[in-house]
Amino acid sequence: MDWRSKLLHAAPAPVGFESLAPATYRGSTTVLPDLPATANATWRQPYSYGLYGTPTVLDLAQRIADLCGGSHTFIVPSGQAAIALVSLALLRPGNHVLLPENIYGTSADLAQQYLIPMGVEADFYDAMQPLAAHIRGNTRLIWFEAPGSITMETPDLRAQMAEVQSANAVRSEKIVTAIDDTYSSGVLLRPFDLDIDIAVQALTKYIGGHSDLLLGSVTIGAKNDAIYEALGNTHRILGLNASPDDASLALRGLQTLAVRLEALEKSTLQIAKWCANHPAIETVLHPAFPTCSGHESFKTLFTGSASIFSFVLKREFLEAGLSREAAASEVANAKVAEVISRLKLFKLGYSWGGTTSVVMAYPDTPRIQQKYGPGLIRLGIGLEDPADLIADLAQALS
Ligand SMILES: Cc1ncc(COP(=O)(O)O)c(C=O)c1O
């Protein structure tokens with residue numbers, strides 16, 4: 001061969017090597033053995049086309065399914081892609097979907113800005129109230145999230161699933177239930193023990209664990225051919241390929257998940273406790289604390305807590321030194337901005353679950369039960385020494 005051809009057709013590397021690290025297989029073209037093999041080249045037969053999975057991505061999928069106790073997992077490029085895959089696979093014009101009002105914001109945007117204009121009916125429910133009154137004849141999909149985003153309420157999933165099951169008992173097309181299980185990383189909560197059909201995760205958070213990748217997973221609980229077919233075909237049509245390099249980082253993240261979760265829980269509880277005693281803080285929204293709505297459900301559903309919680313600054317603190325007019329206006333938000341700008345170890349950013357602590361303000365987050373006002377701040381705790389994080393918060397609030 002000419003040297004140019006040799007560049008492309010080198011002899012295979014010697015075999016017989018074993019590593020502790022899972023290999024990273026990249027590839028868009030999956031080489032087929034012969035022409036008859038093209039007859040089986042479907043997404044159900046992954047090694048037929050790059051989009052249907054490389055060994056690295058499918059290894060991650062299998063491990064997530066095993067970890068969560070599910071029957072099958074699809075890996076997608078982000079947590080939001082996982083949410084979108086479920087809704088787009090299952091919903092058609094005329095169907096009705098229910099979402100908790102405290103669901104992850106972009107999930108709500110998908111319903112409002114995409115599903116509704118496409119002819120799907122969508123309603124937001126109060127996650128802390130019974131569900132039955134919201135269920136309609138055309139309800140096809142019900143979303144849960146536990147704890148909810150930002151305000152951290154834990155719904156009574158057992159009672160809500162009992163309501164869904166009694167609705168399902170008298171209908172031919174069953175309502176499918178799906179949960180955003182990112183908080184629990186598939187281990188602190190067991191959604192499939194509650195008979196929830198699908199659990200999605202932003203692997204971006206605890207599975208990746210180092211703020212250096214975006215990935216999502218969609219896991220089916222009990223084997224269900226209709227759901228499997230709908231998800232698999234939609235995954236194919238939307239082209240939701242995940243990078244093997246990101247999957248390889250997530251596989252590495254899985255190896256340290258247990259120790260990270262344990263350390264993060266301990267630090268986060270310590271910091272949340274300190275916040276609960278701070279004179280500028282009105283309330284701490286951490287599901288392991290009785291001050292957090294749904295704490296009783298949290299205790300019975302979860303085996304541990306994670307690294308994210310919120311707190312609300314007192315009105316007097318926000319308005320100190322301001323005239324009455326200024327206090328009543330947007331100016332009260334300036335105090336939140338000042339606190340955040342003084343923080344040194346907490347970085348201002350949305351995505352949590354990594355090794356570095358993050359902070360974000362959520363002024364005027366709308367909730368049916370409660371108005372939190374301008375002083376709502378969320379912390380994502382990292383692996384820094386908790387004493388340093390507390391000192392950082394203390395100087396910022398001083
Ligand atoms: C609860 C929850 N679900 C899903 C997502 C989306 O994850 P990703 O950033 O990977 O799209 C996030 C991101 O913040 C989240 O907090």
# chains A, B, ... in the order shown; residues from 1 in each chain; ligands from 1
$ select_by_dssp --residues "stretch 202-379 of chain A" --states "helix (DSSP H, G or I)" --output "ChimeraX atom specification"
/A:225-238,244-276,295-301,315-319,324-328,330-342,373-375
$ residues_near_ligand --ligand "ligand 1" --cutoff "8 Å" --atoms "only C-alpha atoms and all ligand atoms" --output "PyMOL selection string"
chain A and resi 77-83+103-104+106-107+145+148-149+180-183+201-205+214-216+350-352
$ residues_around --residues "A:Leu269" --least-positions-apart "6" --cutoff "10 Å" --atoms "only C-alpha atoms" --output "list in words"
Cys275, His286, Ala288, Phe289, Ser305, Ala306, Ser307, Ile308, Phe309, Ile381 and Pro386 of chain A
$ closest_residue --among "A:Leu379, A:Ala132, A:Leu194, A:Leu60" --to "A:Gly253" --atoms "only C-alpha atoms"
A:Leu60
$ atom_distance --atom1 "atom CA of A:Ala162" --atom2 "atom CA of A:Ile196"
10.6 Å
$ closest_atom_pairs --of "stretch 37-92 of chain A" --to "stretch 232-235 of chain A" --cutoff "9 Å" --atoms "only C-alpha atoms" --output "tab-separated table"
residue	atom	partner	partner_atom	distance
A:Trp43	CA	A:Gly232	CA	6.8
A:Arg44	CA	A:Gly232	CA	7.6
A:Tyr52	CA	A:His235	CA	8.6
A:Phe74	CA	A:Gly232	CA	7.6
A:Val76	CA	A:His235	CA	8.1
A:Leu85	CA	A:His235	CA	6.6
A:Val86	CA	A:Thr234	CA	8.7
A:Leu88	CA	A:Thr234	CA	7.4
A:Ala89	CA	A:Thr234	CA	5.5
$ residues_around --residues "A:Ser243" --least-positions-apart "4" --cutoff "12 Å" --atoms "only C-alpha atoms" --output "number ranges by chain"
A: 24-28, 50-58, 60, 75-78, 213-216, 247-250
$ select_by_dssp --residues "stretch 3-214 of chain A" --states "strand (DSSP E)" --output "ChimeraX atom specification"
/A:72-76,96-100,121-125,139-145,176-180,198-202
$ closest_residue --among "A:Thr154, A:Asn224, A:Ser267, A:Ser211" --to "A:Pro287" --atoms "only C-alpha atoms"
A:Thr154
$ residues_around --residues "A:Thr42" --least-positions-apart "3" --cutoff "10 Å" --atoms "only C-alpha atoms" --output "list in words"
Thr38, Ala39, Gln45, Pro46, Tyr47, Ser48, Tyr49, Tyr52, Gly232, Asn233 and Arg236 of chain A
$ atom_distance --atom1 "atom CA of A:Thr291" --atom2 "atom CA of A:Asp388"
25.2 Å
$ residues_around --residues "stretch 343-348 of chain A" --least-positions-apart "5" --cutoff "8 Å" --atoms "only C-alpha atoms" --output "list in words"
Thr356, Ser357, Val358, Val359, Met360, Leu389, Asp392, Leu393, Gln395 and Ala396 of chain A
$ closest_residue --among "A:Ala11, A:Ala159, A:Leu383, A:Ala169" --to "A:Lys266" --atoms "only C-alpha atoms"
A:Leu383
$ closest_residue --among "A:Leu264, A:Ala167, A:Cys292, A:Ile150" --to "A:Ala361" --atoms "only C-alpha atoms"
A:Ile150
